[in-house]
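*Asks:* Sharing run_38.tsv (TSV, C-alpha atoms) below.
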chain	number	residue	atom	x	y	z
A	1	MET	CA	160.30	66.91	27.14
A	2	PRO	CA	156.93	66.13	28.78
A	3	MET	CA	153.79	66.79	26.91
A	4	LEU	CA	151.37	69.51	28.02
A	5	TYR	CA	147.67	68.67	28.32
A	6	LEU	CA	144.80	71.15	28.27
A	7	ASN	CA	142.17	70.28	30.87
A	8	THR	CA	138.69	71.77	30.62
A	9	ARG	CA	135.76	71.45	32.98
A	10	HIS	CA	132.41	73.13	32.52
A	11	THR	CA	129.01	73.19	34.27
A	12	LEU	CA	125.73	74.06	32.63
A	13	PRO	CA	123.43	76.68	34.06
A	14	MET	CA	120.29	75.31	35.82
A	15	ILE	CA	116.96	77.08	36.11
A	16	GLY	CA	114.66	76.24	39.04
A	17	MET	CA	110.90	76.79	39.31
A	18	ARG	CA	108.66	77.27	42.33
A	19	VAL	CA	105.08	76.38	41.51
A	20	GLN	CA	102.10	76.97	43.75
A	21	ARG	CA	98.83	75.64	42.45
A	22	ASN	CA	95.46	77.30	42.67
A	23	THR	CA	93.35	75.99	45.55
A	24	LEU	CA	89.71	76.41	46.42
A	25	ASP	CA	88.58	75.42	49.88
A	26	SER	CA	84.82	75.46	50.37
A	27	SER	CA	84.28	73.39	53.48
A	28	ILE	CA	81.24	73.70	55.71
A	29	ASN	CA	81.77	74.75	59.28
A	30	GLN	CA	80.62	71.90	61.44
A	31	PRO	CA	78.29	72.84	64.27
A	32	ARG	CA	79.94	72.82	67.70
A	33	TYR	CA	78.21	71.46	70.73
A	34	GLU	CA	78.96	72.67	74.24
A	35	GLN	CA	77.17	72.09	77.47
A	36	GLU	CA	77.14	73.35	81.01
A	37	THR	CA	76.80	70.53	83.48
A	38	GLN	CA	76.27	70.65	87.20
A	39	GLN	CA	76.74	67.28	88.83
A	40	ALA	CA	74.12	66.12	91.27
A	41	ARG	CA	75.50	65.87	94.77
A	42	SER	CA	73.94	64.51	97.90
A	43	ASN	CA	75.73	66.96	100.22
A	44	ARG	CA	74.46	64.82	103.04
A	45	GLY	CA	76.47	63.98	106.08
A	46	PHE	CA	75.90	63.06	109.65
A	47	THR	CA	77.11	64.15	113.02
A	48	GLN	CA	78.65	61.63	115.34
A	49	PRO	CA	76.61	60.64	118.38
A	50	ARG	CA	78.28	61.88	121.54
A	51	LEU	CA	78.14	60.46	125.03
A	52	SER	CA	79.47	62.52	127.93
A	53	ILE	CA	79.55	61.24	131.51
A	54	ASP	CA	80.34	63.62	134.37
A	55	SER	CA	81.05	61.49	137.43
A	56	TYR	CA	82.69	64.29	139.41
A	57	PRO	CA	79.68	65.04	141.70
A	58	SER	CA	79.57	61.42	142.87
A	59	ARG	CA	83.36	61.19	143.24
A	60	HIS	CA	83.43	64.51	145.11
A	61	SER	CA	80.87	63.22	147.62
A	62	TYR	CA	83.27	60.54	148.87
A	63	GLY	CA	86.42	62.67	148.91
A	64	TYR	CA	87.81	62.98	145.42
A	65	THR	CA	88.18	66.69	144.59
A	66	ASN	CA	89.69	68.55	141.73
A	67	ASN	CA	92.31	71.24	142.31
A	68	THR	CA	89.80	74.10	142.29
A	69	ASP	CA	87.53	72.57	144.95
A	70	PHE	CA	90.52	71.39	146.99
A	71	ALA	CA	92.00	74.91	147.07
A	72	ARG	CA	88.63	76.52	147.92
A	73	GLU	CA	87.81	74.08	150.76
A	74	ASN	CA	91.28	74.26	152.30
A	75	LEU	CA	91.26	78.06	152.02
A	76	GLU	CA	88.00	78.19	154.01
A	77	ARG	CA	89.27	75.68	156.59
A	78	GLY	CA	92.63	77.43	156.88
A	79	MET	CA	91.04	80.85	157.40
A	80	SER	CA	88.75	79.34	160.09
A	81	GLU	CA	91.71	77.75	161.87
A	82	VAL	CA	93.65	81.04	161.72
A	83	ARG	CA	90.71	82.86	163.34
A	84	LYS	CA	90.42	80.18	166.05
A	85	GLY	CA	94.16	80.24	166.74
A	86	THR	CA	94.24	84.03	166.89
A	87	SER	CA	91.30	84.05	169.31
A	88	LYS	CA	92.88	81.33	171.47
A	89	HIS	CA	96.23	83.11	171.69
A	90	THR	CA	94.50	86.43	172.46
A	91	GLN	CA	92.51	84.84	175.29
A	92	MET	CA	95.64	83.19	176.66
A	93	ALA	CA	97.54	86.50	176.51
A	94	TRP	CA	94.76	88.33	178.39
A	95	ALA	CA	94.56	85.55	180.98
A	96	LEU	CA	98.31	85.64	181.50
A	97	ALA	CA	98.23	89.43	181.77
A	98	GLU	CA	95.35	89.52	184.23
A	99	ASP	CA	95.61	86.23	186.20
A	100	GLY	CA	99.24	85.25	185.71
A	101	PRO	CA	100.63	87.34	188.58
A	102	LYS	CA	98.02	86.04	191.03
A	103	PRO	CA	99.41	83.51	193.49
A	104	GLY	CA	98.33	79.89	193.02
A	105	ARG	CA	97.21	80.35	189.37
A	106	GLN	CA	98.84	78.32	186.62
A	107	VAL	CA	97.25	79.84	183.54
A	108	GLY	CA	99.24	77.82	180.99
A	109	ILE	CA	98.32	74.49	182.60
A	110	GLU	CA	94.68	75.54	182.92
A	111	PHE	CA	94.51	76.39	179.20
A	112	ALA	CA	96.17	73.10	178.19
A	113	LYS	CA	93.76	71.15	180.42
A	114	ARG	CA	90.72	72.98	179.03
A	115	ASP	CA	91.92	72.36	175.46
A	116	MET	CA	92.37	68.64	176.15
A	117	GLU	CA	88.87	68.41	177.67
A	118	ASN	CA	87.39	70.13	174.62
A	119	ARG	CA	89.07	67.65	172.32
A	120	VAL	CA	88.01	64.62	174.36
A	121	THR	CA	84.42	65.68	174.84
A	122	ARG	CA	83.93	66.88	171.28
A	123	GLN	CA	80.96	65.13	169.68
A	124	ARG	CA	81.81	63.09	166.64
A	125	GLN	CA	79.14	62.81	164.00
A	126	LEU	CA	78.68	60.37	161.21
A	127	VAL	CA	76.65	61.66	158.29
A	128	ALA	CA	74.95	59.21	155.97
A	129	ALA	CA	74.36	61.00	152.69
A	130	ALA	CA	73.27	59.69	149.33
A	131	ILE	CA	75.96	59.64	146.69
A	132	PRO	CA	74.76	61.61	143.66
A	133	ASP	CA	74.45	59.75	140.39
A	134	PRO	CA	76.82	60.62	137.57
A	135	GLU	CA	75.44	63.11	135.05
A	136	ILE	CA	75.03	61.40	131.69
A	137	HIS	CA	74.33	63.37	128.50
A	138	PHE	CA	73.81	61.73	125.12
A	139	ASP	CA	73.61	63.70	121.87
A	140	VAL	CA	72.02	61.71	119.06
A	141	GLY	CA	73.75	61.75	115.65
A	142	GLN	CA	71.82	63.65	112.99
A	143	THR	CA	71.76	63.77	109.23
A	144	VAL	CA	72.64	67.23	107.92
A	145	GLY	CA	72.94	68.93	104.52
A	146	GLU	CA	70.76	69.57	101.49
A	147	PRO	CA	71.15	67.74	98.15
A	148	THR	CA	72.12	69.61	94.96
A	149	ILE	CA	70.04	68.75	91.90
A	150	GLY	CA	72.04	68.03	88.73
A	151	ARG	CA	71.34	69.86	85.48
A	152	THR	CA	72.69	70.04	81.93
A	153	THR	CA	72.30	73.09	79.64
A	154	PRO	CA	73.16	72.41	75.94
A	155	HIS	CA	74.62	75.09	73.59
A	156	TRP	CA	74.74	74.56	69.79
A	157	ASN	CA	77.05	76.92	67.87
A	158	THR	CA	76.21	76.97	64.15
A	159	GLU	CA	77.04	79.28	61.21
A	160	SER	CA	74.65	79.96	58.36
A	161	GLN	CA	77.24	80.36	55.54
A	162	ALA	CA	79.84	78.03	54.11
A	163	ARG	CA	83.48	79.01	54.34
A	164	VAL	CA	85.02	79.64	50.91
A	165	GLN	CA	88.71	80.42	50.48
A	166	TYR	CA	90.50	80.79	47.13
A	167	ASN	CA	94.30	80.81	46.94
A	168	ARG	CA	95.85	82.03	43.66
A	169	GLY	CA	98.55	79.96	42.13
A	170	SER	CA	101.96	81.31	41.15
A	171	ILE	CA	105.05	80.32	39.17
A	172	GLU	CA	108.48	81.69	40.00
A	173	THR	CA	111.67	80.95	38.07
A	174	TYR	CA	115.14	81.46	39.46
A	175	LEU	CA	118.74	80.61	38.62
A	176	GLN	CA	119.50	77.51	40.60
A	177	GLN	CA	123.11	77.07	39.36
A	178	LYS	CA	125.38	79.32	37.27
A	179	GLY	CA	127.19	77.95	34.25
A	180	SER	CA	130.99	77.98	34.28
A	181	ILE	CA	134.03	76.96	32.19
A	182	HIS	CA	137.43	76.25	33.83
A	183	SER	CA	140.57	75.49	31.89
A	184	TRP	CA	144.07	74.62	33.14
A	185	VAL	CA	147.24	72.99	31.81
A	186	SER	CA	148.81	69.87	33.27
A	187	GLU	CA	152.12	68.24	32.42
A	188	GLY	CA	152.46	64.56	31.47
A	189	LYS	CA	148.82	63.51	32.04
A	190	TYR	CA	145.26	64.73	32.18
A	191	ASP	CA	144.24	66.22	35.55
A	192	ILE	CA	140.82	65.16	36.82
A	193	TYR	CA	139.33	68.14	38.60
A	194	ALA	CA	136.90	67.20	41.27
Let me see whether you can do it: turn the structure in this file into structure tokens.
*Replies:*
Amino acid sequence: MPMLYLNTRHTLPMIGMRVQRNTLDSSINQPRYEQETQQARSNRGFTQPRLSIDSYPSRHSYGYTNNTDFARENLERGMSEVRKGTSKHTQMAWALAEDGPKPGRQVGIEFAKRDMENRVTRQRQLVAAAIPDPEIHFDVGQTVGEPTIGRTTPHWNTESQARVQYNRGSIETYLQQKGSIHSWVSEGKYDIYA
């Protein structure tokens, strides 16, 4: 018959302590320095010189026109030609009405002949005119802006009393681990309880 063994395991109670020591802090507040600073700036700049050349008056004098002038001139010439044509056709109509039925009159041929003579005998004119110079404008570059003067304003922040702080110490005890006893029976050998 196997032998019975009594196994016993025990732990001891443990007491823990929390200790806070007394402290005295009596440091001096250091003065603080602050400043307001405005940086000096030149704020200076310059404008670009500008050259503008208007050559249109000289180009217009020898036939180059922009769209506005071209439309205006051709409108005037067109209206003049319409008036001339209307007058010519009105005169021809009256001549045909009054002289057309007369024997020996050829009103259409007479008008064509008169028109041809007017064109042949028309005086041609050559006009010698000075070509205008281009208009040249030059704007000189300028320095602009006013400088900003720099300045620094110091501020010292000081306190007249030292800072004193006392912290009381304390001791606190507590049960860190409970004590215990465990017993059990094993058969044939001792049992190691972990």
*Asks:* Taking all atoms listed in the file into account, produce a table as a tab-separated table in which each residue of region 105-136 of chain A with an atom at most 6 Å from an atom of region 47-67 of chain A appears once, together with its shortest atom pair and the distance in Å to one decimal, ordered by chain and rising number.
*Replies:*
residue	atom	partner	partner_atom	distance
A:Ile131	CA	A:Ser58	CA	5.5
A:Pro132	CA	A:Ser58	CA	4.9
A:Asp133	CA	A:Ser58	CA	5.9
A:Pro134	CA	A:Ser55	CA	4.3
A:Glu135	CA	A:Asp54	CA	5.0
A:Ile136	CA	A:Ile53	CA	4.5
*Asks:* Could you write out that same residue set with C-alpha atoms as a CSV table (one decimal), keeping the file's coordinate frame?
*Replies:*
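Result file out.csv:
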chain,number,residue,atom,x,y,z
A,131,ILE,CA,76.0,59.6,146.7
A,132,PRO,CA,74.8,61.6,143.7
A,133,ASP,CA,74.4,59.8,140.4
A,134,PRO,CA,76.8,60.6,137.6
A,135,GLU,CA,75.4,63.1,135.0
A,136,ILE,CA,75.0,61.4,131.7
*Asks:* Please identify all polymer residues within 10 Å of Gly169 (chain A), counting all atoms listed in the file, omitting same-chain residues fewer than 2 positions from it, and present them as a list in words.
*Replies:* Val19, Gln20, Arg21, Asn22, Thr23, Tyr166, Asn167 and Ile171 of chain A
*Asks:* Leaving out Val144 (chain A) and any residue of its chain fewer than 6 positions from it, which residues lie within 12 Å of it when counting all atoms listed in the file, given as a list of chain:residue names?
*Replies:* A:Ser42, A:Asn43, A:Arg44, A:Gly45, A:Phe46, A:Thr47, A:Gln48
*Asks:* Take the point (95.8, 75.7, 178.9) as written in the file and pick out every residue within 12 Å of it, counting only C-alpha atoms; give the list as a list of chain:residue names.
*Replies:*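 Protein and nucleic acid residues near the point are A:Lys88, A:His89, A:Gln91, A:Met92, A:Ala93, A:Ala95, A:Leu96, A:Arg105, A:Gln106, A:Val107, A:Gly108, A:Ile109, A:Glu110, A:Phe111, A:Ala112, A:Lys113, A:Arg114, A:Asp115, A:Met116, A:Glu117, A:Asn118.
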*Asks:* If you keep C-alpha atoms, can you produce a file of those selected residues as an mmCIF file, keeping the file's coordinate frame?
*Replies:*
data_model
loop_
_atom_site.group_PDB
_atom_site.id
_atom_site.type_symbol
_atom_site.label_atom_id
_atom_site.label_comp_id
_atom_site.auth_asym_id
_atom_site.auth_seq_id
_atom_site.Cartn_x
_atom_site.Cartn_y
_atom_site.Cartn_z
ATOM 1 C CA LYS A 88 92.880 81.330 171.470
ATOM 2 C CA HIS A 89 96.230 83.110 171.690
ATOM 3 C CA GLN A 91 92.510 84.840 175.290
ATOM 4 C CA MET A 92 95.640 83.190 176.660
ATOM 5 C CA ALA A 93 97.540 86.500 176.510
ATOM 6 C CA ALA A 95 94.560 85.550 180.980
ATOM 7 C CA LEU A 96 98.310 85.640 181.500
ATOM 8 C CA ARG A 105 97.210 80.350 189.370
ATOM 9 C CA GLN A 106 98.840 78.320 186.620
ATOM 10 C CA VAL A 107 97.250 79.840 183.540
ATOM 11 C CA GLY A 108 99.240 77.820 180.990
ATOM 12 C CA ILE A 109 98.320 74.490 182.600
ATOM 13 C CA GLU A 110 94.680 75.540 182.920
ATOM 14 C CA PHE A 111 94.510 76.390 179.200
ATOM 15 C CA ALA A 112 96.170 73.100 178.190
ATOM 16 C CA LYS A 113 93.760 71.150 180.420
ATOM 17 C CA ARG A 114 90.720 72.980 179.030
ATOM 18 C CA ASP A 115 91.920 72.360 175.460
ATOM 19 C CA MET A 116 92.370 68.640 176.150
ATOM 20 C CA GLU A 117 88.870 68.410 177.670
ATOM 21 C CA ASN A 118 87.390 70.130 174.620
#
*Asks:* Between CA of Ser170 (chain A) and CA of Arg18 (chain A), what distance in Å does the model show, to one decimal?
*Replies:*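 These atoms are spaced 7.9 Å apart.
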*Asks:* Given only C-alpha atoms as the basis, pick out the residue of A:Gly16, A:Gln30, A:His182, A:Glu73 nearest to Glu159 (chain A).
*Replies:* A:Gln30
*Asks:* Write out as a ChimeraX atom specification each polymer residue whose atoms come within 7 Å of Arg32 (chain A), counting only C-alpha atoms; drop sequence neighbours fewer than 6 positions from it.
*Replies:* /A:156-158
*Asks:* Take the residues just selected and output them with C-alpha atoms as an mmCIF file, in the coordinates of the input.
*Replies:*
data_model
loop_
_atom_site.group_PDB
_atom_site.id
_atom_site.type_symbol
_atom_site.label_atom_id
_atom_site.label_comp_id
_atom_site.auth_asym_id
_atom_site.auth_seq_id
_atom_site.Cartn_x
_atom_site.Cartn_y
_atom_site.Cartn_z
ATOM 1 C CA TRP A 156 74.740 74.560 69.790
ATOM 2 C CA ASN A 157 77.050 76.920 67.870
ATOM 3 C CA THR A 158 76.210 76.970 64.150
#
*Asks:* What is the distance between CA of Gln142 (chain A) and CA of Gln38 (chain A), in Å to one decimal?
*Replies:* 27.1 Å
*Asks:* May I have the centre and edge lengths, in Å to one decimal, of an axis-aligned box around the listed atoms of region 171-186 of chain A with 8 Å added to every side, as lines of an AutoDock Vina configuration file?
*Replies:*
center_x = 126.9
center_y = 75.8
center_z = 36.2
size_x = 59.8
size_y = 27.8
size_z = 24.8
*Asks:* Hey, which of A:Ile192, A:Trp184, A:Arg151, A:Val82 ends up closest to Gln35 (chain A)? Count only C-alpha atoms.
*Replies:*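 Of all the options, A:Arg151 lies closest to Gln35 (chain A).
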*Asks:* Could you check how far CA of Leu6 (chain A) sits from CA of Gln177 (chain A), in Å to one decimal?
*Replies:*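 Interatomic distance, CA of Leu6 (chain A) to CA of Gln177 (chain A): 25.1 Å.
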*Asks:* Neighbouring residues of Gln161 (chain A) were defined as those with any atom within 12 Å, considering only C-alpha atoms; residues of the same chain fewer than 6 positions away were excluded. Please report them as a ChimeraX atom specification.
*Replies:* /A:26-31
*Asks:* With distances taken over only C-alpha atoms, which of A:Ser160, A:Pro154, A:Lys178, A:Gln125 is nearest to Tyr33 (chain A)?
*Replies:*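 Distance minimum relative to Tyr33 (chain A) lands on A:Pro154.
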